>>> print(open('protein-v5.txt').read())   # compact mmCIF, C-alpha atoms
# COMPACT_ATOMS: atom_id res chain seq x y z
CA MET A 20 -7.20 -25.20 -3.33
CA SER A 21 -8.00 -26.76 0.06
CA PRO A 22 -7.13 -25.01 3.35
CA ARG A 23 -4.20 -27.37 3.81
CA GLN A 24 -2.89 -26.56 0.36
CA SER A 25 -3.37 -22.85 1.09
CA ILE A 26 -1.29 -23.18 4.26
CA VAL A 27 1.44 -24.94 2.28
CA ALA A 28 1.34 -22.26 -0.44
CA ILE A 29 1.54 -19.42 2.09
CA GLY A 30 4.38 -21.24 3.86
CA LEU A 31 6.34 -21.70 0.64
CA ILE A 32 5.88 -18.06 -0.36
CA ALA A 33 6.88 -16.91 3.13
CA THR A 34 9.96 -19.15 2.99
CA ALA A 35 10.87 -17.69 -0.40
CA THR A 36 10.53 -14.19 1.10
CA VAL A 37 12.84 -15.12 3.99
CA LEU A 38 15.39 -16.50 1.52
CA VAL A 39 15.22 -13.26 -0.48
CA VAL A 40 15.77 -11.28 2.74
CA ILE A 41 18.81 -13.43 3.54
CA LEU A 42 20.10 -12.93 0.00
CA GLY A 43 19.66 -9.20 0.47
CA LEU A 44 21.87 -9.37 3.55
CA LEU A 45 24.63 -11.03 1.55
CA ILE A 46 24.83 -8.87 -1.55
CA GLY A 47 25.31 -5.16 -2.11
CA ALA A 48 28.10 -2.66 -2.61
CA LYS A 49 30.07 -4.88 -0.23
CA SER A 50 29.29 -8.60 -0.40
CA LEU A 51 29.23 -10.62 2.80
CA SER A 52 29.58 -14.35 3.31
CA LEU A 53 26.77 -16.35 4.88
CA GLY A 54 28.98 -17.14 7.86
CA THR A 55 29.69 -13.46 8.45
CA VAL A 56 25.99 -12.60 8.29
CA ILE A 57 25.08 -15.34 10.76
CA GLN A 58 27.84 -14.20 13.09
CA VAL A 59 26.80 -10.53 13.14
CA LEU A 60 23.13 -11.47 13.48
CA TYR A 61 23.85 -13.41 16.66
CA ALA A 62 26.64 -11.17 17.98
CA PRO A 63 26.58 -7.62 16.58
CA ASP A 64 29.90 -5.92 17.27
CA GLY A 65 29.38 -2.43 15.85
CA LYS A 66 31.91 -2.93 13.06
CA ILE A 67 31.26 -2.27 9.37
CA ASP A 68 29.77 -5.71 8.64
CA SER A 69 27.44 -5.43 11.62
CA ILE A 70 26.35 -1.93 10.55
CA LEU A 71 25.67 -3.15 7.00
CA VAL A 72 23.44 -5.97 8.26
CA TRP A 73 21.67 -4.41 11.25
CA THR A 74 21.46 -0.75 10.24
CA LEU A 75 21.22 -0.74 6.44
CA ARG A 76 20.04 -4.03 4.98
CA LEU A 77 17.84 -5.90 7.48
CA PRO A 78 15.40 -3.09 8.40
CA ARG A 79 15.14 -2.15 4.73
CA SER A 80 14.21 -5.68 3.63
CA LEU A 81 11.72 -6.10 6.48
CA ALA A 82 10.13 -2.76 5.61
CA ALA A 83 9.83 -3.88 1.99
CA ALA A 84 8.12 -7.11 3.06
CA ALA A 85 5.70 -5.30 5.38
CA GLY A 86 4.96 -2.64 2.78
CA GLY A 87 4.35 -5.19 0.03
CA ALA A 88 1.94 -7.20 2.20
CA GLY A 89 0.02 -4.05 3.17
CA LEU A 90 -0.26 -2.70 -0.38
CA ALA A 91 -1.39 -6.08 -1.71
CA VAL A 92 -4.16 -6.38 0.88
CA SER A 93 -5.15 -2.77 0.23
CA GLY A 94 -5.65 -3.61 -3.44
CA TYR A 95 -7.60 -6.75 -2.52
CA VAL A 96 -9.99 -4.83 -0.26
CA LEU A 97 -10.58 -2.10 -2.84
CA GLN A 98 -11.24 -4.66 -5.58
CA ALA A 99 -13.70 -6.56 -3.39
CA LEU A 100 -15.43 -3.38 -2.23
CA THR A 101 -16.00 -2.17 -5.78
CA ARG A 102 -16.16 -5.61 -7.44
CA ASN A 103 -13.83 -4.00 -9.93
CA PRO A 104 -10.72 -5.89 -11.09
CA LEU A 105 -8.96 -2.63 -12.02
CA ALA A 106 -9.16 -1.17 -8.51
CA ASP A 107 -5.89 -0.68 -6.68
CA PRO A 108 -4.32 2.08 -4.55
CA GLY A 109 -2.85 3.76 -7.62
CA ILE A 110 -5.72 3.51 -10.09
CA THR A 111 -8.35 4.58 -7.53
CA GLY A 112 -6.36 7.72 -6.65
CA VAL A 113 -5.56 6.59 -3.09
CA THR A 114 -1.79 6.77 -3.60
CA ALA A 115 -1.83 10.20 -5.24
CA GLY A 116 -4.22 11.43 -2.56
CA ALA A 117 -1.83 10.30 0.18
CA ILE A 118 1.32 11.57 -1.53
CA ALA A 119 0.21 15.10 -2.53
CA PRO A 120 -0.62 16.43 0.96
CA ILE A 121 2.52 14.83 2.42
CA VAL A 122 4.67 16.62 -0.17
CA CYS A 123 2.85 19.88 0.55
CA CYS A 124 3.47 19.47 4.28
CA PHE A 125 7.13 18.65 3.66
CA VAL A 126 7.59 21.83 1.62
CA PHE A 127 5.24 24.35 3.20
CA LEU A 128 5.07 23.04 6.78
CA PRO A 129 8.64 21.82 7.50
CA TRP A 130 8.01 22.27 11.23
CA LEU A 131 5.30 19.58 11.17
CA SER A 132 6.57 16.32 12.64
CA SER A 133 6.70 13.37 10.23
CA ALA A 134 4.71 11.43 12.85
CA TRP A 135 1.65 13.28 11.52
CA TYR A 136 2.29 12.29 7.89
CA PRO A 137 0.22 9.05 8.02
CA PHE A 138 -2.78 11.02 9.29
CA VAL A 139 -2.26 13.66 6.62
CA GLY A 140 -2.01 10.88 4.03
CA LEU A 141 -5.09 9.16 5.44
CA ALA A 142 -7.19 12.30 5.01
CA GLY A 143 -5.84 12.87 1.49
CA GLY A 144 -6.27 9.25 0.45
CA LEU A 145 -9.84 9.08 1.73
CA GLY A 146 -10.68 12.33 -0.01
CA ALA A 147 -9.20 11.17 -3.31
CA VAL A 148 -10.85 7.76 -3.30
CA SER A 149 -14.18 9.33 -2.32
CA VAL A 150 -14.05 11.53 -5.41
CA THR A 151 -13.15 8.51 -7.53
CA PHE A 152 -16.10 6.57 -6.09
CA TRP A 153 -18.41 9.48 -6.79
CA VAL A 154 -17.28 9.59 -10.43
CA SER A 155 -17.85 5.84 -10.79
CA HIS A 156 -21.30 5.90 -9.13
CA GLY A 157 -20.19 4.67 -5.74
CA GLY A 158 -17.69 2.20 -7.16
CA GLN A 159 -20.44 0.29 -8.94
CA GLY A 160 -19.92 1.75 -12.40
CA ARG A 161 -18.12 0.00 -15.19
CA PRO A 162 -14.38 -0.70 -14.70
CA LEU A 163 -13.67 1.96 -17.31
CA GLN A 164 -15.52 4.57 -15.22
CA LEU A 165 -13.50 3.73 -12.13
CA ALA A 166 -10.24 3.73 -14.08
CA LEU A 167 -11.00 7.07 -15.75
CA GLY A 168 -12.12 8.63 -12.48
CA GLY A 169 -9.05 7.39 -10.65
CA VAL A 170 -6.68 8.46 -13.41
CA SER A 171 -8.29 11.91 -13.52
CA VAL A 172 -7.94 12.35 -9.76
CA SER A 173 -4.36 11.03 -9.85
CA LEU A 174 -3.39 13.36 -12.70
CA PHE A 175 -4.89 16.37 -10.92
CA LEU A 176 -3.10 15.59 -7.67
CA GLY A 177 0.06 14.68 -9.57
CA ALA A 178 0.01 18.11 -11.20
CA ILE A 179 -0.21 19.72 -7.75
CA THR A 180 2.68 17.57 -6.54
CA THR A 181 4.78 18.51 -9.58
CA TYR A 182 4.10 22.21 -9.06
CA VAL A 183 5.12 21.96 -5.41
CA LEU A 184 8.29 20.13 -6.44
CA LEU A 185 9.19 23.02 -8.74
CA LEU A 186 9.15 25.26 -5.67
CA THR A 187 11.51 23.10 -3.62
CA GLY A 188 14.79 23.87 -5.40
CA PRO A 189 17.69 21.66 -4.23
CA GLN A 190 15.35 19.35 -2.30
CA SER A 191 13.57 18.24 -5.46
CA THR A 192 16.12 15.51 -6.31
CA SER A 193 15.56 13.57 -3.10
CA LEU A 194 11.81 14.09 -3.33
CA LEU A 195 11.74 12.86 -6.92
CA PHE A 196 13.56 9.67 -5.93
CA TRP A 197 11.07 9.18 -3.08
CA LEU A 198 8.17 9.76 -5.48
CA ALA A 199 9.48 6.96 -7.70
CA GLY A 200 8.99 4.56 -4.78
CA GLY A 201 11.81 3.07 -2.77
CA PHE A 202 12.97 1.84 0.63
CA GLN A 203 16.45 3.35 0.52
CA GLY A 204 17.52 4.72 3.88
CA CYS A 205 14.87 2.77 5.81
CA THR A 206 15.81 2.33 9.46
CA TRP A 207 14.28 0.47 12.38
CA SER A 208 12.35 3.61 13.31
CA HIS A 209 10.81 3.69 9.81
CA LEU A 210 9.83 0.04 10.16
CA VAL A 211 8.23 0.62 13.57
CA TYR A 212 6.48 3.66 12.11
CA MET A 213 5.05 1.60 9.23
CA LEU A 214 4.11 -1.66 10.98
CA PRO A 215 0.98 -0.52 12.88
CA TRP A 216 -0.60 0.64 9.61
CA THR A 217 0.33 -2.34 7.45
CA VAL A 218 -0.26 -5.00 10.10
CA GLY A 219 -3.49 -3.27 11.09
CA GLY A 220 -4.66 -3.34 7.48
CA VAL A 221 -3.87 -7.04 7.04
CA LEU A 222 -5.35 -8.11 10.39
CA GLY A 223 -8.38 -5.90 9.84
CA ALA A 224 -9.00 -7.55 6.48
CA LEU A 225 -8.72 -11.00 8.05
CA MET A 226 -11.10 -10.05 10.85
CA LEU A 227 -13.63 -8.71 8.33
CA LYS A 228 -13.16 -11.51 5.80
CA ARG A 229 -16.87 -12.44 5.85
CA VAL A 230 -17.90 -8.84 5.18
CA ILE A 231 -15.34 -8.55 2.37
CA GLY A 232 -16.55 -11.83 0.90
CA MET A 233 -20.14 -10.57 0.88
CA PHE A 234 -19.16 -7.35 -0.87
CA ALA A 235 -17.21 -9.40 -3.44
CA LEU A 236 -20.46 -11.14 -4.40
CA SER A 237 -22.46 -7.95 -4.92
CA GLU A 238 -24.00 -5.20 -2.86
CA HIS A 239 -27.48 -6.65 -3.44
CA ALA A 240 -26.37 -10.06 -2.20
CA ALA A 241 -24.65 -8.47 0.81
CA ALA A 242 -27.78 -6.51 1.68
CA GLY A 243 -29.88 -9.63 1.22
CA MET A 244 -27.70 -11.42 3.79
CA GLY A 245 -28.39 -8.67 6.30
CA LEU A 246 -25.24 -6.59 5.88
CA GLN A 247 -25.64 -2.89 6.69
CA LEU A 248 -24.06 -1.32 3.61
CA ASN A 249 -24.07 2.24 4.98
CA LEU A 250 -22.00 1.05 7.94
CA TRP A 251 -19.57 -1.38 6.34
CA LYS A 252 -18.79 0.38 3.07
CA PRO A 253 -17.00 3.32 4.77
CA VAL A 254 -15.26 0.88 7.12
CA LEU A 255 -13.85 -1.13 4.21
CA LEU A 256 -12.93 2.07 2.40
CA VAL A 257 -10.85 3.21 5.39
CA LEU A 258 -9.39 -0.29 5.68
CA GLY A 259 -8.28 -0.16 2.06
CA VAL A 260 -6.55 3.19 2.57
CA VAL A 261 -4.83 2.46 5.91
CA PRO A 262 -1.88 0.38 4.58
CA VAL A 263 -1.18 2.94 1.85
CA VAL A 264 -0.83 5.82 4.30
CA GLY A 265 1.59 3.71 6.34
CA VAL A 266 3.80 2.92 3.35
CA ALA A 267 3.61 6.25 1.49
CA PRO A 268 5.50 8.44 4.01
CA VAL A 269 8.35 5.91 4.11
CA ALA A 270 8.59 4.55 0.56
CA GLY A 271 6.47 6.81 -1.62
CA PRO A 272 4.21 5.25 -4.25
CA VAL A 273 5.05 1.61 -5.07
CA ALA A 274 3.27 0.65 -8.28
CA PHE A 275 1.38 -2.46 -9.41
CA VAL A 276 1.61 -4.50 -6.20
CA GLY A 277 -1.94 -3.72 -5.13
CA LEU A 278 -3.20 -4.50 -8.63
CA ALA A 279 -1.28 -7.67 -9.49
CA ALA A 280 -0.99 -9.51 -6.14
CA PRO A 281 -4.76 -10.04 -5.59
CA HIS A 282 -5.19 -11.47 -9.08
CA ILE A 283 -2.22 -13.80 -8.64
CA ALA A 284 -3.76 -14.99 -5.36
CA ARG A 285 -7.10 -15.64 -7.07
CA LEU A 286 -5.38 -17.62 -9.81
CA LEU A 287 -4.33 -20.11 -7.12
CA ARG A 288 -8.04 -20.56 -6.30
CA PRO A 289 -7.89 -20.80 -2.48
CA ARG A 290 -11.08 -21.86 -0.71
CA GLY A 291 -12.32 -18.84 1.22
CA THR A 292 -11.75 -15.12 1.49
CA GLY A 293 -9.41 -15.47 4.46
CA TRP A 294 -7.02 -17.71 2.53
CA GLU A 295 -7.13 -15.33 -0.42
CA ILE A 296 -6.14 -12.46 1.86
CA GLY A 297 -3.31 -14.50 3.38
CA LEU A 298 -1.97 -15.52 -0.04
CA CYS A 299 -2.32 -11.96 -1.28
CA ALA A 300 -0.26 -10.59 1.63
CA ALA A 301 2.43 -13.24 1.18
CA ILE A 302 2.67 -12.62 -2.58
CA GLY A 303 2.87 -8.86 -2.10
CA ALA A 304 5.66 -9.24 0.47
CA LEU A 305 7.65 -11.50 -1.87
CA ILE A 306 7.24 -9.21 -4.90
CA VAL A 307 8.35 -6.04 -3.14
CA THR A 308 11.19 -7.70 -1.21
CA ALA A 309 12.57 -9.24 -4.41
CA ALA A 310 12.17 -5.95 -6.26
CA ASP A 311 14.00 -4.10 -3.49
CA VAL A 312 16.97 -6.49 -3.54
CA ILE A 313 17.20 -6.23 -7.33
CA ALA A 314 16.84 -2.43 -7.23
CA ARG A 315 19.82 -1.95 -4.93
CA THR A 316 22.12 -4.50 -6.55
CA ILE A 317 21.47 -4.34 -10.31
CA ALA A 318 23.36 -1.07 -10.80
CA ILE A 319 25.90 -1.02 -7.95
CA PRO A 320 27.03 1.45 -6.57
CA ARG A 321 23.81 3.21 -7.61
CA GLU A 322 20.33 1.90 -7.06
CA LEU A 323 17.01 2.12 -8.84
CA PRO A 324 13.68 3.11 -7.27
CA VAL A 325 11.69 0.06 -6.23
CA GLY A 326 8.62 1.47 -7.97
CA ILE A 327 10.34 1.00 -11.34
CA LEU A 328 11.10 -2.65 -10.59
CA THR A 329 7.60 -3.46 -9.32
CA ALA A 330 6.16 -1.87 -12.46
CA LEU A 331 8.50 -3.96 -14.62
CA LEU A 332 7.49 -7.09 -12.71
CA GLY A 333 3.80 -6.30 -12.43
CA GLY A 334 3.31 -4.93 -15.96
CA PRO A 335 3.83 -8.25 -17.78
CA ILE A 336 1.66 -10.05 -15.21
CA PHE A 337 -1.13 -7.53 -15.70
CA ILE A 338 -0.88 -7.84 -19.50
CA TYR A 339 -1.04 -11.63 -19.18
CA LEU A 340 -4.15 -11.41 -17.01
CA VAL A 341 -5.82 -9.05 -19.49
CA GLN A 342 -4.97 -11.25 -22.47
CA ARG A 343 -6.25 -14.36 -20.71
CA GLY A 344 -9.43 -12.59 -19.60
CA ARG A 345 -8.70 -13.38 -15.96
CA LEU A 346 -9.48 -9.92 -14.58
CA GLU A 347 -12.80 -10.95 -13.09
CA PHE A 348 -14.30 -12.27 -9.88
CA ALA A 349 -15.71 -15.70 -9.23
CA GLY A 350 -19.17 -15.83 -10.59
CA ASP A 351 -18.75 -12.99 -13.04
CA GLY A 352 -20.13 -13.54 -16.46
CA PRO A 353 -18.18 -13.13 -19.71
>>> encode(input="protein-v5.txt", output="structure tokens")
Amino acid sequence: MSPRQSIVAIGLIATATVLVVILGLLIGAKSLSLGTVIQVLYAPDGKIDSILVWTLRLPRSLAAAAGGAGLAVSGYVLQALTRNPLADPGITGVTAGAIAPIVCCFVFLPWLSSAWYPFVGLAGGLGAVSVTFWVSHGGQGRPLQLALGGVSVSLFLGAITTYVLLLTGPQSTSLLFWLAGGFQGCTWSHLVYMLPWTVGGVLGALMLKRVIGMFALSEHAAAGMGLQLNLWKPVLLVLGVVPVVGVAPVAGPVAFVGLAAPHIARLLRPRGTGWEIGLCAAIGALIVTAADVIARTIAIPRELPVGILTALLGGPIFIYLVQRGRLEFAGDGP
């Protein structure tokens, strides 16, 4: 795919995401007409329709788009860093590492401001993925080693999270819904809280696209081209964790986006790492935004956790990629 075709593809996916956001403004427990939505967007009046659009639906959809883009790029960076097609924020233990300490702080340190949760999640996510890398010989072991290491770390941290939940009593219901992954209740403050982490992760990946591309070839090739592995490997590791710790305090764990979106982007065969990252972010935003709209409208007046929908969407895609043998990087042998 040429750069021009990549621009067109990103534009089409972004347009589809905008259309899904608009659809999300129209439908819900109370449906609104397109004319009403346009009117309240240009002239909010504080009435029920304006509250539905500006307070409940628009910030939620924008948060879903930002979160999806960040998680997709996180998965892309982790896959390139390890040259492992199974790497993603969930399988590498990053998500569980970010979630467990946040839950512990919520329960045992209720006085701690939620503004500190991303930093708590960052420390937990880095610790978890470091253990996973150690188990898989620095991320260079077989995909099975990385998967087993990540699953082991995730199960251990998940057990801690479950035990803490048993101590919460009446609060456990809301925490369980959050742990299933979802953007319900997202406000403009949540979106502002999330954006620096997700946008920083995406822009950081674009700025370091050459470094990421070298790691995607192999560590030996990267070293041969003069890349200082001891410097850049920790940098990319932090870069892969940053979007997750921005999304996790707001939406909890959102499954499969970081695994499926990078592979879908590679299937389009863009020319260059930067275009792959751009496509990956756009695809992730579309998947999560669509899943969020479906999650809050499929069972009105109730709603499903977004994590369930992304798993239902991403699961078949992942199975297709496995069956077609497409879980590999350019240049990999059979």
>>> closest_atom_pairs(input="protein-v5.txt", of="segment 162-254 of chain A", to="segment 312-315 of chain A", cutoff="10 Å", atoms="only C-alpha atoms", output="tab-separated table")
residue	atom	partner	partner_atom	distance
A:Gly201	CA	A:Ala314	CA	8.7
A:Phe202	CA	A:Arg315	CA	9.6
A:Gln203	CA	A:Arg315	CA	8.3
>>> closest_residue(input="protein-v5.txt", among="A:Ala84, A:Leu246, A:Leu236, A:Val113", to="Ile32 of chain A", atoms="only C-alpha atoms")
A:Ala84
>>> axis_aligned_box(input="protein-v5.txt", around="segment 32-41 of chain A", padding_each_side="4 Å", output="lines of an AutoDock Vina configuration file")
center_x = 12.3
center_y = -15.2
center_z = 1.8
size_x = 20.9
size_y = 15.9
size_z = 12.5
>>> closest_residue(input="protein-v5.txt", among="A:Val126, A:Val230, A:Leu71, A:Leu97", to="Gly47 of chain A", atoms="only C-alpha atoms")
A:Leu71
>>> atom_distance(input="protein-v5.txt", atom1="atom CA of Ala99 of chain A", atom2="atom CA of Gly223 of chain A")
14.3 Å
>>> atom_distance(input="protein-v5.txt", atom1="atom CA of Val150 of chain A", atom2="atom CA of Ser93 of chain A")
17.8 Å
>>> atom_distance(input="protein-v5.txt", atom1="atom CA of Ile231 of chain A", atom2="atom CA of Ala33 of chain A")
23.8 Å
>>> residues_around(input="protein-v5.txt", residues="segment 167-170 of chain A", least_positions_apart="5", cutoff="6 Å", atoms="only C-alpha atoms", output="VMD selection string")
chain A and resid 110 to 112 151 154
>>> closest_residue(input="protein-v5.txt", among="A:Thr187, A:Thr217, A:Thr292, A:Thr329", to="Cys124 of chain A", atoms="all atoms listed in the file")
A:Thr187
>>> closest_atom_pairs(input="protein-v5.txt", of="segment 98-157 of chain A", to="segment 277-285 of chain A", cutoff="10 Å", atoms="all atoms listed in the file", output="JSON lines")
{"residue": "A:Gln98", "atom": "CA", "partner": "A:Pro281", "partner_atom": "CA", "distance": 8.4}
{"residue": "A:Ala99", "atom": "CA", "partner": "A:Pro281", "partner_atom": "CA", "distance": 9.8}
{"residue": "A:Pro104", "atom": "CA", "partner": "A:Leu278", "partner_atom": "CA", "distance": 8.0}
{"residue": "A:Leu105", "atom": "CA", "partner": "A:Leu278", "partner_atom": "CA", "distance": 6.9}
{"residue": "A:Ala106", "atom": "CA", "partner": "A:Leu278", "partner_atom": "CA", "distance": 6.8}
{"residue": "A:Asp107", "atom": "CA", "partner": "A:Leu278", "partner_atom": "CA", "distance": 5.1}
{"residue": "A:Pro108", "atom": "CA", "partner": "A:Gly277", "partner_atom": "CA", "distance": 6.3}
{"residue": "A:Gly109", "atom": "CA", "partner": "A:Gly277", "partner_atom": "CA", "distance": 7.9}
{"residue": "A:Ile110", "atom": "CA", "partner": "A:Leu278", "partner_atom": "CA", "distance": 8.5}
>>> closest_residue(input="protein-v5.txt", among="A:Ala330, A:Leu225, A:Val139, A:Val264", to="Glu295 of chain A", atoms="only C-alpha atoms")
A:Leu225
>>> closest_residue(input="protein-v5.txt", among="A:Leu176, A:Leu141, A:Leu210, A:Ala83", to="Gly326 of chain A", atoms="all atoms listed in the file")
A:Ala83
>>> residues_near_point(input="protein-v5.txt", point="(-18.9, -10.1, 3.6)", cutoff="12 Å", atoms="only C-alpha atoms", output="number ranges by chain")
A: 96, 99-100, 224-248, 251-252, 255, 291-293
>>> closest_residue(input="protein-v5.txt", among="A:Leu195, A:Ile302, A:Val72, A:Pro262", to="Leu287 of chain A", atoms="all atoms listed in the file")
A:Ile302
>>> closest_atom_pairs(input="protein-v5.txt", of="segment 45-157 of chain A", to="segment 267-271 of chain A", cutoff="8 Å", atoms="only C-alpha atoms", output="CSV")
residue,atom,partner,partner_atom,distance
A:Thr114,CA,A:Ala267,CA,7.4
A:Ala117,CA,A:Ala267,CA,6.9
A:Ile118,CA,A:Ala267,CA,6.5
A:Ile121,CA,A:Pro268,CA,7.2
A:Tyr136,CA,A:Pro268,CA,6.3
A:Pro137,CA,A:Pro268,CA,6.7
A:Gly140,CA,A:Ala267,CA,7.7
